[in-house]
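The next block is start_17.pdb, given as PDB, C-alpha atoms.
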MODEL        1
ATOM      1  CA  MET A  11     -69.174   0.736 119.456  1.00  0.00           C
ATOM      2  CA  GLN A  12     -67.191   2.773 116.951  1.00  0.00           C
ATOM      3  CA  SER A  13     -67.486   1.895 113.264  1.00  0.00           C
ATOM      4  CA  ARG A  14     -64.393   1.702 111.105  1.00  0.00           C
ATOM      5  CA  PRO A  15     -64.219   2.712 107.459  1.00  0.00           C
ATOM      6  CA  VAL A  16     -63.567   0.161 104.752  1.00  0.00           C
ATOM      7  CA  VAL A  17     -59.935   0.764 103.875  1.00  0.00           C
ATOM      8  CA  ASP A  18     -59.310  -1.581 100.947  1.00  0.00           C
ATOM      9  CA  GLY A  19     -62.324  -3.227  99.446  1.00  0.00           C
ATOM     10  CA  HIS A  20     -65.656  -2.810  97.749  1.00  0.00           C
ATOM     11  CA  LEU A  21     -68.503  -4.729  99.339  1.00  0.00           C
ATOM     12  CA  GLU A  22     -71.614  -5.259  97.242  1.00  0.00           C
ATOM     13  CA  CYS A  23     -74.949  -6.921  97.933  1.00  0.00           C
ATOM     14  CA  LEU A  24     -76.420  -8.462  94.797  1.00  0.00           C
ATOM     15  CA  SER A  25     -79.757  -9.937  93.829  1.00  0.00           C
ATOM     16  CA  VAL A  26     -79.449 -12.183  90.791  1.00  0.00           C
ATOM     17  CA  GLY A  27     -82.011 -13.698  88.446  1.00  0.00           C
ATOM     18  CA  LEU A  28     -81.022 -17.059  86.957  1.00  0.00           C
ATOM     19  CA  LYS A  29     -81.930 -18.505  83.541  1.00  0.00           C
ATOM     20  CA  LYS A  30     -82.448 -21.956  85.091  1.00  0.00           C
ATOM     21  CA  ILE A  31     -83.639 -22.940  88.540  1.00  0.00           C
ATOM     22  CA  ALA A  32     -80.671 -23.880  90.722  1.00  0.00           C
ATOM     23  CA  SER A  33     -80.236 -24.766  94.368  1.00  0.00           C
ATOM     24  CA  LEU A  34     -78.083 -22.561  96.576  1.00  0.00           C
ATOM     25  CA  HIS A  35     -75.547 -25.397  96.690  1.00  0.00           C
ATOM     26  CA  GLU A  36     -75.401 -25.422  92.863  1.00  0.00           C
ATOM     27  CA  VAL A  37     -74.917 -21.649  92.789  1.00  0.00           C
ATOM     28  CA  ARG A  38     -72.062 -21.852  95.313  1.00  0.00           C
ATOM     29  CA  GLU A  39     -70.413 -24.703  93.385  1.00  0.00           C
ATOM     30  CA  ALA A  40     -70.746 -22.896  90.041  1.00  0.00           C
ATOM     31  CA  LEU A  41     -69.023 -19.855  91.539  1.00  0.00           C
ATOM     32  CA  ARG A  42     -66.330 -21.972  93.238  1.00  0.00           C
ATOM     33  CA  ASN A  43     -65.615 -23.869  90.026  1.00  0.00           C
ATOM     34  CA  PHE A  44     -65.443 -20.811  87.772  1.00  0.00           C
ATOM     35  CA  GLU A  45     -62.081 -21.080  86.053  1.00  0.00           C
ATOM     36  CA  VAL A  46     -60.317 -18.590  83.787  1.00  0.00           C
ATOM     37  CA  GLY A  47     -58.887 -19.732  80.467  1.00  0.00           C
ATOM     38  CA  ALA A  48     -55.412 -21.235  80.227  1.00  0.00           C
ATOM     39  CA  GLU A  49     -53.862 -18.106  78.711  1.00  0.00           C
ATOM     40  CA  LEU A  50     -55.016 -15.911  81.589  1.00  0.00           C
ATOM     41  CA  ALA A  51     -54.279 -18.555  84.239  1.00  0.00           C
ATOM     42  CA  SER A  52     -50.662 -18.716  83.047  1.00  0.00           C
ATOM     43  CA  LEU A  53     -50.009 -15.059  83.912  1.00  0.00           C
ATOM     44  CA  PRO A  54     -47.918 -14.431  87.049  1.00  0.00           C
ATOM     45  CA  THR A  55     -50.539 -12.510  89.037  1.00  0.00           C
ATOM     46  CA  ALA A  56     -53.667 -14.278  87.729  1.00  0.00           C
ATOM     47  CA  LEU A  57     -55.691 -16.787  89.702  1.00  0.00           C
ATOM     48  CA  LYS A  58     -56.960 -19.918  87.976  1.00  0.00           C
ATOM     49  CA  TYR A  59     -60.012 -19.803  90.268  1.00  0.00           C
ATOM     50  CA  PRO A  60     -60.630 -16.079  90.906  1.00  0.00           C
ATOM     51  CA  ILE A  61     -63.839 -16.510  92.936  1.00  0.00           C
ATOM     52  CA  VAL A  62     -63.605 -17.719  96.522  1.00  0.00           C
ATOM     53  CA  VAL A  63     -66.881 -18.706  98.169  1.00  0.00           C
ATOM     54  CA  LEU A  64     -67.153 -18.575 101.949  1.00  0.00           C
ATOM     55  CA  ASP A  65     -69.906 -20.467 103.744  1.00  0.00           C
ATOM     56  CA  ASP A  66     -69.894 -18.495 107.019  1.00  0.00           C
ATOM     57  CA  GLU A  67     -73.011 -16.323 107.351  1.00  0.00           C
ATOM     58  CA  ASN A  68     -70.975 -13.269 108.409  1.00  0.00           C
ATOM     59  CA  ARG A  69     -68.515 -13.301 105.508  1.00  0.00           C
ATOM     60  CA  PRO A  70     -67.047 -11.754 103.475  1.00  0.00           C
ATOM     61  CA  GLN A  71     -65.703  -8.975 105.667  1.00  0.00           C
ATOM     62  CA  PRO A  72     -63.416  -6.322 104.151  1.00  0.00           C
ATOM     63  CA  ARG A  73     -60.788  -6.322 106.901  1.00  0.00           C
ATOM     64  CA  ARG A  74     -60.611 -10.124 107.006  1.00  0.00           C
ATOM     65  CA  ASP A  75     -61.084 -11.099 103.373  1.00  0.00           C
ATOM     66  CA  ALA A  76     -59.940  -8.282 101.044  1.00  0.00           C
ATOM     67  CA  ASN A  77     -56.466  -9.814 100.627  1.00  0.00           C
ATOM     68  CA  THR A  78     -57.718 -13.281  99.673  1.00  0.00           C
ATOM     69  CA  GLY A  79     -55.682 -14.567  96.729  1.00  0.00           C
ATOM     70  CA  ASN A  80     -53.149 -11.778  97.321  1.00  0.00           C
ATOM     71  CA  GLY A  81     -56.018  -9.355  96.754  1.00  0.00           C
ATOM     72  CA  MET A  82     -56.797 -10.744  93.288  1.00  0.00           C
ATOM     73  CA  ALA A  83     -59.810 -12.876  94.272  1.00  0.00           C
ATOM     74  CA  ALA A  84     -63.447 -11.892  94.384  1.00  0.00           C
ATOM     75  CA  VAL A  85     -64.858 -13.209  97.658  1.00  0.00           C
ATOM     76  CA  VAL A  86     -68.499 -14.280  97.733  1.00  0.00           C
ATOM     77  CA  GLY A  87     -70.593 -15.149 100.751  1.00  0.00           C
ATOM     78  CA  ARG A  88     -74.050 -14.957 102.296  1.00  0.00           C
ATOM     79  CA  VAL A  89     -75.508 -16.854  99.331  1.00  0.00           C
ATOM     80  CA  ARG A  90     -79.222 -17.168 100.060  1.00  0.00           C
ATOM     81  CA  GLU A  91     -82.645 -17.178  98.455  1.00  0.00           C
ATOM     82  CA  CYS A  92     -84.004 -13.861  97.203  1.00  0.00           C
ATOM     83  CA  PRO A  93     -87.748 -13.137  97.360  1.00  0.00           C
ATOM     84  CA  LEU A  94     -87.535 -10.751  94.377  1.00  0.00           C
ATOM     85  CA  PHE A  95     -85.074 -12.541  92.099  1.00  0.00           C
ATOM     86  CA  ASP A  96     -83.561 -15.994  92.609  1.00  0.00           C
ATOM     87  CA  VAL A  97     -80.403 -15.564  94.681  1.00  0.00           C
ATOM     88  CA  LYS A  98     -78.866 -12.908  96.940  1.00  0.00           C
ATOM     89  CA  LEU A  99     -75.167 -12.804  97.729  1.00  0.00           C
ATOM     90  CA  THR A 100     -72.478 -10.511  99.059  1.00  0.00           C
ATOM     91  CA  LEU A 101     -69.363  -9.841  96.984  1.00  0.00           C
ATOM     92  CA  LEU A 102     -66.068  -8.337  98.106  1.00  0.00           C
ATOM     93  CA  SER A 103     -63.158  -7.268  95.942  1.00  0.00           C
ATOM     94  CA  HIS A 104     -59.972  -5.406  96.820  1.00  0.00           C
ATOM     95  CA  ASN A 105     -60.458  -2.020  95.152  1.00  0.00           C
ATOM     96  CA  LEU A 106     -56.742  -1.361  94.625  1.00  0.00           C
ATOM     97  CA  VAL A 107     -55.186  -4.757  94.047  1.00  0.00           C
ATOM     98  CA  ARG A 108     -57.994  -6.398  92.046  1.00  0.00           C
ATOM     99  CA  GLY A 109     -59.262  -3.060  90.817  1.00  0.00           C
ATOM    100  CA  ALA A 110     -56.964  -0.363  89.476  1.00  0.00           C
ATOM    101  CA  ALA A 111     -53.467  -1.745  90.059  1.00  0.00           C
ATOM    102  CA  GLY A 112     -54.214  -5.444  89.598  1.00  0.00           C
ATOM    103  CA  ALA A 113     -56.200  -4.924  86.414  1.00  0.00           C
ATOM    104  CA  ALA A 114     -53.406  -2.784  84.950  1.00  0.00           C
ATOM    105  CA  LEU A 115     -50.820  -5.401  85.890  1.00  0.00           C
ATOM    106  CA  LEU A 116     -52.879  -8.253  84.397  1.00  0.00           C
ATOM    107  CA  ASN A 117     -53.346  -6.242  81.191  1.00  0.00           C
ATOM    108  CA  ALA A 118     -49.592  -5.617  80.961  1.00  0.00           C
ATOM    109  CA  GLU A 119     -48.833  -9.293  81.612  1.00  0.00           C
ATOM    110  CA  LEU A 120     -51.308 -10.318  78.912  1.00  0.00           C
ATOM    111  CA  LEU A 121     -49.833  -7.826  76.421  1.00  0.00           C
ATOM    112  CA  ALA A 122     -46.350  -9.155  77.170  1.00  0.00           C
ATOM    113  CA  ALA A 123     -47.505 -12.784  76.832  1.00  0.00           C
ATOM    114  CA  ARG A 124     -49.023 -11.966  73.440  1.00  0.00           C
ATOM    115  CA  GLY A 125     -45.797 -10.288  72.294  1.00  0.00           C
ATOM    116  CA  PHE A 126     -47.053  -6.708  72.159  1.00  0.00           C
ATOM    117  CA  LEU A 127     -44.360  -5.344  74.489  1.00  0.00           C
ATOM    118  CA  ASN A 128     -40.702  -5.085  73.541  1.00  0.00           C
ATOM    119  CA  ARG A 129     -37.926  -5.290  76.080  1.00  0.00           C
ATOM    120  CA  ARG A 130     -36.027  -2.446  74.432  1.00  0.00           C
ATOM    121  CA  SER A 131     -37.606   0.786  73.380  1.00  0.00           C
ATOM    122  CA  ALA A 132     -37.143   1.973  69.805  1.00  0.00           C
ATOM    123  CA  VAL A 133     -37.339   5.570  71.018  1.00  0.00           C
ATOM    124  CA  PRO A 134     -33.869   7.104  71.578  1.00  0.00           C
ATOM    125  CA  GLU A 135     -33.111   8.040  75.153  1.00  0.00           C
ATOM    126  CA  ARG A 136     -33.442  11.705  75.931  1.00  0.00           C
ATOM    127  CA  ASN A 137     -34.087  13.859  78.910  1.00  0.00           C
ATOM    128  CA  LEU A 138     -37.853  13.861  79.288  1.00  0.00           C
ATOM    129  CA  ALA A 139     -37.696  16.208  82.265  1.00  0.00           C
ATOM    130  CA  GLU A 140     -36.592  19.260  80.303  1.00  0.00           C
ATOM    131  CA  PRO A 141     -37.478  22.629  81.784  1.00  0.00           C
ATOM    132  CA  ILE A 142     -40.367  24.452  80.224  1.00  0.00           C
ATOM    133  CA  SER A 143     -39.328  27.708  78.592  1.00  0.00           C
ATOM    134  CA  ARG A 144     -41.606  30.665  79.251  1.00  0.00           C
TER     135      ARG A 144
ENDMDL
END
Would it be possible to restate this file's structure as structure tokens?
Amino acid sequence: MQSRPVVDGHLECLSVGLKKIASLHEVREALRNFEVGAELASLPTALKYPIVVLDDENRPQPRRDANTGNGMAAVVGRVRECPLFDVKLTLLSHNLVRGAAGAALLNAELLAARGFLNRRSAVPERNLAEPISR
């Protein structure tokens, strides 16, 4: 069997300590019900519920799940008890869409929504690709 590289996605295995004792069902539901604030949820590329929890024991998988929520969701699975801390889980995020590009786009959308971006530039147009004199 030949292994394939992970093309788009970061897969992490986490062990988490909780402040209060919670069942695995409660942990899954807390993650599923995590909701961003109204301002962020109103942005075009934002997800109101950015965490998707999968119950299958073999998920998340980068090639199957990296594009969940158009790549803007964090996908959690394999939620189970941890002998060292309280809970273990596996987390997948799309490293380009949710990472670099998606974060930049969300930041720009938030700046625009808050009125920090103008449609017209106050800087006069000029040729920015001028040759360098030596």
For CA of Asn117 (chain A) and CA of Leu50 (chain A), quote the distance in Å rounded to one decimal.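 If I compute the distance from CA of Asn117 (chain A) to CA of Leu50 (chain A), I get 9.8 Å.
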In the coordinates of the file, take the point (-73.0, -17.7, 104.7) and a cut-off of 12 Å; then, counting only C-alpha atoms, name each qualifying protein, DNA or RNA residue as a PyMOL selection string. chain A and resi 34-35+38+63-71+85-91+98-101
The PyMOL selection byres ((chain A and resi 20-33) around 8) on the file shown: which residues, as an MDAnalysis selection string? chainID A and resid 16 18:19 34:37 72 92 94:105
When you draw a straight line from CA of Tyr59 (chain A) to CA of Arg108 (chain A), how long is it in Å?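 Going from CA of Tyr59 (chain A) over to CA of Arg108 (chain A) covers 13.7 Å.
In this comparison, which uses only C-alpha atoms, the residue of A:Gly125, A:Glu119, A:Arg73, A:Glu39 approaching Pro15 (chain A) most closely is A:Arg73.
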Using only C-alpha atoms, can you list as a ChimeraX atom specification the residues within 12 Å of (-59.2, -9.4, 86.8)? /A:46,50-51,53,55-61,79,81-84,103-120
Expressed in Å to a single decimal, how great is the separation between CA of Asn43 (chain A) and CA of Asp75 (chain A)? 19.0 Å
Would you compute, for all listed atoms of region 33-41 of chain A, the axis-aligned bounding box grown by 6 Å on each side, and then report its centre and edge lengths in Å rounded to one decimal, as JSON?
{"center_x": -74.6, "center_y": -22.6, "center_z": 93.4, "size_x": 23.2, "size_y": 17.6, "size_z": 18.6}
